[in-house]
Structure formats: C-alpha cells, structure tokens
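What follows is a set of notes on a single structure, which appears directly below.
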Amino acid sequence: MPEFWSQLLPHPWSVAAAGAVAAGLLFAFIGGSTFLAIWAERKVSARIQDRLGPTRVGPFGLLQSLADGIKLISKEDFAPDAADRFLFKLAPYLAFCASFVGFLALPFGNGLVAENLNVAAFFMLAVLSSEVFGVVLAGYASASKWSLFGGVREAAQVVSYEVPRALCVVVPVCVAGTLNLNTIGTQQVGWFWNWNIYHDPFTFVAFFIFFICATASCKRAPFDLAEAESELVAGFHTEYSGIRWSYFFLAEYGSMFAVSGLASLLFLGGWHTGLLPFEPTERFGFWPGNLLNVAVFVAKCWVLVLLMMWVRWSLPRLRIDQVMMTCLQYFLPISCVLLIGVCLWQLLVPADAARVVSYVLAFGWTGFLLVVFLSAFRTPAGSGALRGELPGAWAGQPAPLDAKPGA
C-alpha cells in the first residue's frame, strides 16, 4: 500500500495516506464486526434459551444493532459530580484504542497486513493487554466504590491471565521459530495436519489453554465477574451511559475478534483452508488469492467468537476466588509444562514419529468434531412428547384437554 501511494503523493504524504487508509479499513472492519456480533450475541442467547431474539427491526432482526446504536448516541452523556471528568471521558477511548491497535499487526492473508512486524505476536499481546488501563481509569475516575471494586478486580484478573496466555503463545512460536505472524501463517500451508495445533500433544493442549485465557482477558463469561450486575452493579462502567458506555463493548467485541485471529494464526492454519496443497496467492495471484484467504480467515475467527458466545450462555459465572485459583493453580503450571514439553519434543522426538503423532491428532480430532456435528441432527429421545412439556418429568401423565395429537 505505501508503494501505491508513493506513485501519487510525495514521501511524507504518501506514508500518511497509507496509514489513514489502513486505519479507516480497520475501523470499518471492527465496527462492522461489532455490528454483527451484537446481533449474533442476541441470537445465540435466544437460541440457547429457546427464544426468537431480534425479529422486528430489519430482516431477521439484523438492524437491531443499528437501532441500539442510534439509541446510545441520542442518550444523555453525563458524569458524576465527584468524578475526575478528564479521566472519566478518556477511559473508554483508551480501552478502544488498545483493541484497535492490535489489528495493525494482524494479517488477514498472505502479506495482507497493515504493519508487517517481526515481533507481531508479542506486539498484539502487549497492546491488547493495555485495555486494562482504560478499565482501571474508568473505575477510579467514576468516584464510586462499586466502579473502583470492579476496576481493581478486572485488573487483577487480566494481569493474572496474561501470564499463561503469553506462555501458550510461546509454544507455537517455538515450533515456528519466529514471532512474525505472517510467516507463521505461511508456514502452515497445505493440508490441515500441517497446522500447528496438530504438531504435537503440547501445541494441541496449548490451543485450548490459550483460548480459555483469551476468553478471560476479554472479560467474557464465565470470567465476567467484574461486570456482573448482581454482584457489582455492572462493575467498572456502572456510571457510564450513552456513547461512552458503548465504546467499552466496542473494545470488548474488537478484542474477541483480535484474540480469535491470533489463535487462528498461531494454531489453526491462519488463512489456509487445510484442503488445498498450495498457497492461493501463488496460484491465483495476490488479490484473487487473498480474497479467498480473507474469507477463510474471517470465517475461522467468527467460529471462535461464536464459541465464546456459546460458552457465555451455557456456563455459570465463577466467583472471583475461583477465577484467580483457576489461573494461578491450574493454567499457570499447565502452561509452563507445555512450554517445557514442546521444547523437549523439538529436541528429542524423531521427525517420523512426530509426523505419525500429527496424523493421529489431526484425524482423531477431526473425527470427534464430525461425530459431534452429526449428533446435532439426531432425533433426541422423547421427541414425541407434547410441545412445551418435559418428556421425563411428564411421562405417564394425562395429556391436557387442549392438546392435539402429534402437536
């Protein structure tokens, strides 16, 4: 992109134009992803709770997010009298900037990245972790003990989960030998058993530990105690309303996609389908090939984002002591073992044996996922029960008078 603008503008302005275009595209992508994520969040929760979700605003309720945005913009934006107004107004923008900057080093395809950094993996971890500064400032500047408690708890949680998350990032980095995310994605070209998640048992387990720690870092359930309305009156953003309140959730959904993209690049083959033995950009050209790459990469990220939503509406919320215990007593030592294990695997295990283990992991896990997917279409036991009744609890009971046969 800088080379393209250098043909149209002199040196200082060409760099500025390239940066402005990249920032605009990333901001539009984050906004569009958040727009769909809010709608998907409601649809996923409605499906799990046997409801319809948004249906009235636009087709399938797709414009519900737009209606919510208009409502938030039109609401009164105020700050408590005792609040530090400068920090109070700065905090949501700081949280969003942390999420936004992480996308600068996230490649969506082969060479399709705003800034190709040699330390992109740790750069993303560093900037995504800085979102906690906005959370702490929001709690401190609100002049509310409930907001302060929420901010402090969130800081303790995020800082603690950064350690096992970073250690799990080092596991595939040891396999790839580089911190450049574009290079890591390129190395996983070919069939799906070439993905890092199937490289050895340690990278396989590291993916799940990383994903759980990333979920906690994004303040998602069951690790969302800092925002739990029943315990902390909405936590660190209790005093926020209107558009500034929405920036915190814009940062949250942006971070969800960013960590999902990082997981896809480090473990799940990046932009590769796993079904083509070649790099699409080399066979089809840079732009046509990257069109396929972007579609595959975004699809993988959205699957992980939907998984976060599924977990939120399926598992109960943990207490703060359980959240910290899970990190310090379980995930931290497990991640250390995984790091040592992958190093020993690289040094001691022969290449032929490692390839056999890779095949076993790849085909075994793929078969398991296929069985789980097909089981979703299986007719459950007791499906002949009357609609709205529990077949186990109501078995043998007389049918209601208004029930129709086969209803």
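Residue numbers start at 1 in each chain; chains themselves are named A, B, ... in the order of the structure tokens; ligands are numbered from 1 in the order shown.
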
Shell around region 59-63 of chain A at 12 Å using only C-alpha atoms, local window under 4 positions removed, as an MDAnalysis selection string: chainID A and resid 32 35:43 52:55 67:70

May I have the residues from that selection written out with all heavy atoms, as a compact mmCIF listing (two decimals), in the first residue's frame?
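So the final result, stored in part.txt, reads:
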# COMPACT_ATOMS: atom_id res chain seq x y z
N GLY A 32 -18.04 -2.97 11.71
CA GLY A 32 -18.94 -3.94 11.08
C GLY A 32 -19.00 -5.26 11.83
O GLY A 32 -20.07 -5.86 11.97
N PHE A 35 -21.08 -4.73 14.87
CA PHE A 35 -22.48 -4.63 14.46
C PHE A 35 -23.10 -6.03 14.35
O PHE A 35 -24.20 -6.29 14.86
CB PHE A 35 -22.56 -3.90 13.13
CG PHE A 35 -23.96 -3.66 12.63
CD1 PHE A 35 -24.64 -2.51 12.98
CD2 PHE A 35 -24.58 -4.58 11.82
CE1 PHE A 35 -25.92 -2.27 12.51
CE2 PHE A 35 -25.87 -4.36 11.35
CZ PHE A 35 -26.54 -3.21 11.70
N LEU A 36 -22.38 -6.95 13.69
CA LEU A 36 -22.89 -8.31 13.54
C LEU A 36 -22.76 -9.11 14.84
O LEU A 36 -23.60 -9.97 15.13
CB LEU A 36 -22.12 -9.02 12.42
CG LEU A 36 -22.35 -8.48 11.02
CD1 LEU A 36 -21.46 -9.20 10.02
CD2 LEU A 36 -23.81 -8.61 10.60
N ALA A 37 -21.73 -8.82 15.64
CA ALA A 37 -21.52 -9.58 16.86
C ALA A 37 -22.63 -9.31 17.88
O ALA A 37 -23.06 -10.24 18.59
CB ALA A 37 -20.15 -9.24 17.47
N ILE A 38 -23.09 -8.07 17.96
CA ILE A 38 -24.17 -7.76 18.90
C ILE A 38 -25.44 -8.50 18.50
O ILE A 38 -26.16 -9.05 19.34
CB ILE A 38 -24.40 -6.25 18.95
CG1 ILE A 38 -23.17 -5.55 19.53
CG2 ILE A 38 -25.64 -5.90 19.76
CD1 ILE A 38 -23.24 -4.04 19.46
N TRP A 39 -25.72 -8.52 17.20
CA TRP A 39 -26.88 -9.27 16.71
C TRP A 39 -26.71 -10.77 16.97
O TRP A 39 -27.64 -11.45 17.43
CB TRP A 39 -27.07 -9.01 15.22
CG TRP A 39 -28.13 -9.85 14.59
CD1 TRP A 39 -29.48 -9.65 14.61
CD2 TRP A 39 -27.92 -11.06 13.84
NE1 TRP A 39 -30.12 -10.63 13.92
CE2 TRP A 39 -29.19 -11.52 13.44
CE3 TRP A 39 -26.79 -11.79 13.48
CZ2 TRP A 39 -29.37 -12.67 12.68
CZ3 TRP A 39 -26.96 -12.94 12.73
CH2 TRP A 39 -28.23 -13.37 12.34
N ALA A 40 -25.50 -11.29 16.69
CA ALA A 40 -25.25 -12.71 16.91
C ALA A 40 -25.33 -13.07 18.38
O ALA A 40 -25.82 -14.15 18.74
CB ALA A 40 -23.88 -13.09 16.33
N GLU A 41 -24.86 -12.18 19.26
CA GLU A 41 -24.94 -12.44 20.70
C GLU A 41 -26.38 -12.66 21.12
O GLU A 41 -26.71 -13.58 21.88
CB GLU A 41 -24.34 -11.27 21.46
CG GLU A 41 -24.28 -11.44 22.95
CD GLU A 41 -22.98 -12.04 23.43
OE1 GLU A 41 -21.93 -11.40 23.27
OE2 GLU A 41 -23.02 -13.17 23.96
N ARG A 42 -27.27 -11.83 20.63
CA ARG A 42 -28.68 -11.95 21.00
C ARG A 42 -29.31 -13.20 20.38
O ARG A 42 -30.14 -13.86 21.02
CB ARG A 42 -29.44 -10.70 20.56
CG ARG A 42 -28.95 -9.44 21.25
CD ARG A 42 -29.84 -8.26 20.93
NE ARG A 42 -29.43 -7.08 21.68
CZ ARG A 42 -30.17 -5.98 21.78
NH1 ARG A 42 -31.34 -5.93 21.16
NH2 ARG A 42 -29.75 -4.95 22.47
N LYS A 43 -28.93 -13.52 19.16
CA LYS A 43 -29.49 -14.70 18.52
C LYS A 43 -28.99 -15.98 19.18
O LYS A 43 -29.75 -16.93 19.36
CB LYS A 43 -29.13 -14.70 17.03
CG LYS A 43 -29.98 -13.77 16.18
CD LYS A 43 -31.43 -14.23 16.15
CE LYS A 43 -32.26 -13.40 15.17
NZ LYS A 43 -33.67 -13.84 15.12
N LEU A 52 -36.75 -16.33 20.38
CA LEU A 52 -36.56 -15.91 18.99
C LEU A 52 -35.45 -14.88 18.82
O LEU A 52 -34.81 -14.84 17.78
CB LEU A 52 -37.86 -15.34 18.43
CG LEU A 52 -39.02 -16.32 18.31
CD1 LEU A 52 -40.27 -15.60 17.79
CD2 LEU A 52 -38.66 -17.47 17.39
N GLY A 53 -35.25 -14.03 19.82
CA GLY A 53 -34.28 -12.97 19.67
C GLY A 53 -34.83 -11.84 18.81
O GLY A 53 -36.04 -11.75 18.57
N PRO A 54 -33.98 -10.94 18.30
CA PRO A 54 -34.46 -9.82 17.48
C PRO A 54 -35.13 -10.33 16.20
O PRO A 54 -34.56 -11.14 15.46
CB PRO A 54 -33.18 -9.04 17.16
CG PRO A 54 -32.19 -9.47 18.18
CD PRO A 54 -32.53 -10.88 18.52
N THR A 55 -36.32 -9.84 15.92
CA THR A 55 -37.05 -10.22 14.70
C THR A 55 -37.72 -9.06 14.01
O THR A 55 -38.06 -9.15 12.84
CB THR A 55 -38.14 -11.26 15.04
OG1 THR A 55 -39.03 -10.69 16.02
CG2 THR A 55 -37.54 -12.53 15.60
N ALA A 67 -30.37 0.11 15.56
CA ALA A 67 -31.32 0.78 16.46
C ALA A 67 -30.70 1.03 17.83
O ALA A 67 -30.88 2.10 18.43
CB ALA A 67 -32.58 -0.07 16.59
N ASP A 68 -29.94 0.05 18.32
CA ASP A 68 -29.26 0.24 19.61
C ASP A 68 -28.23 1.36 19.52
O ASP A 68 -28.09 2.16 20.47
CB ASP A 68 -28.58 -1.06 20.03
CG ASP A 68 -29.58 -2.15 20.37
OD1 ASP A 68 -30.75 -1.81 20.64
OD2 ASP A 68 -29.20 -3.33 20.34
N GLY A 69 -27.50 1.43 18.41
CA GLY A 69 -26.52 2.49 18.26
C GLY A 69 -27.15 3.87 18.23
O GLY A 69 -26.64 4.81 18.84
N ILE A 70 -28.26 4.01 17.51
CA ILE A 70 -28.96 5.30 17.48
C ILE A 70 -29.45 5.68 18.86
O ILE A 70 -29.38 6.85 19.28
CB ILE A 70 -30.12 5.23 16.47
CG1 ILE A 70 -29.57 5.02 15.06
CG2 ILE A 70 -30.97 6.48 16.54
CD1 ILE A 70 -30.64 4.81 14.01

Within 8 Å of Leu106 (chain A) using only C-alpha atoms, minus same-chain residues under 4 positions, as a list in words: Gly102, Val113, Ala114, Ala120, Met124, Leu181, Ala258, Gly261 and Leu262 of chain A

Filtered DSSP result for region 228-258 of chain A, state helix (DSSP H, G or I), as a count of residues only: 24

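Compared by their closest atoms to Gly150 (chain A), and using only C-alpha atoms, the residues A:Ala121, A:Val163, A:Val298, A:Leu225 rank with A:Leu225 nearest.
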
For Cys168 (chain A): contacts at 12 Å, only C-alpha atoms, fewer than 3 positions along chain excluded, given as a PyMOL selection string: chain A and resi 121-122+125+161-165+171-175+197+202-214+262-263+266-267+331-342

Selection: 9 Å around Asn194 (chain A), only C-alpha atoms, excl. self and same-chain fewer than 4 positions, as JSON, numbers by chain: {"A": [187, 188, 189, 190, 198, 199, 269, 274, 358, 362]}

Got time to write the residues from that selection, N, CA and C atoms, as a compact mmCIF listing (two decimals), in the first residue's frame?
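This is the output file again.txt:
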# COMPACT_ATOMS: atom_id res chain seq x y z
N GLN A 187 3.79 -20.67 7.02
CA GLN A 187 4.39 -21.97 7.28
C GLN A 187 3.37 -23.10 7.37
N GLN A 188 2.11 -22.78 7.62
CA GLN A 188 1.09 -23.80 7.79
C GLN A 188 0.32 -24.08 6.50
N VAL A 189 0.94 -23.81 5.36
CA VAL A 189 0.32 -24.04 4.07
C VAL A 189 0.14 -25.53 3.84
N GLY A 190 -0.86 -25.90 3.05
CA GLY A 190 -1.07 -27.31 2.73
C GLY A 190 -2.26 -27.88 3.47
N TYR A 198 -1.86 -29.42 15.48
CA TYR A 198 -1.64 -30.86 15.35
C TYR A 198 -0.15 -31.22 15.31
N HIS A 199 0.71 -30.26 15.60
CA HIS A 199 2.14 -30.54 15.53
C HIS A 199 2.57 -31.57 16.56
N GLY A 269 -3.89 -22.71 11.36
CA GLY A 269 -3.54 -22.58 9.96
C GLY A 269 -3.72 -21.21 9.36
N GLY A 274 -6.78 -25.71 4.72
CA GLY A 274 -6.41 -27.05 5.13
C GLY A 274 -6.81 -28.10 4.12
N SER A 358 1.25 -36.37 14.59
CA SER A 358 0.50 -35.30 13.96
C SER A 358 -0.71 -35.85 13.21
N ALA A 362 -4.61 -35.07 14.15
CA ALA A 362 -5.44 -34.41 13.14
C ALA A 362 -6.69 -35.22 12.82
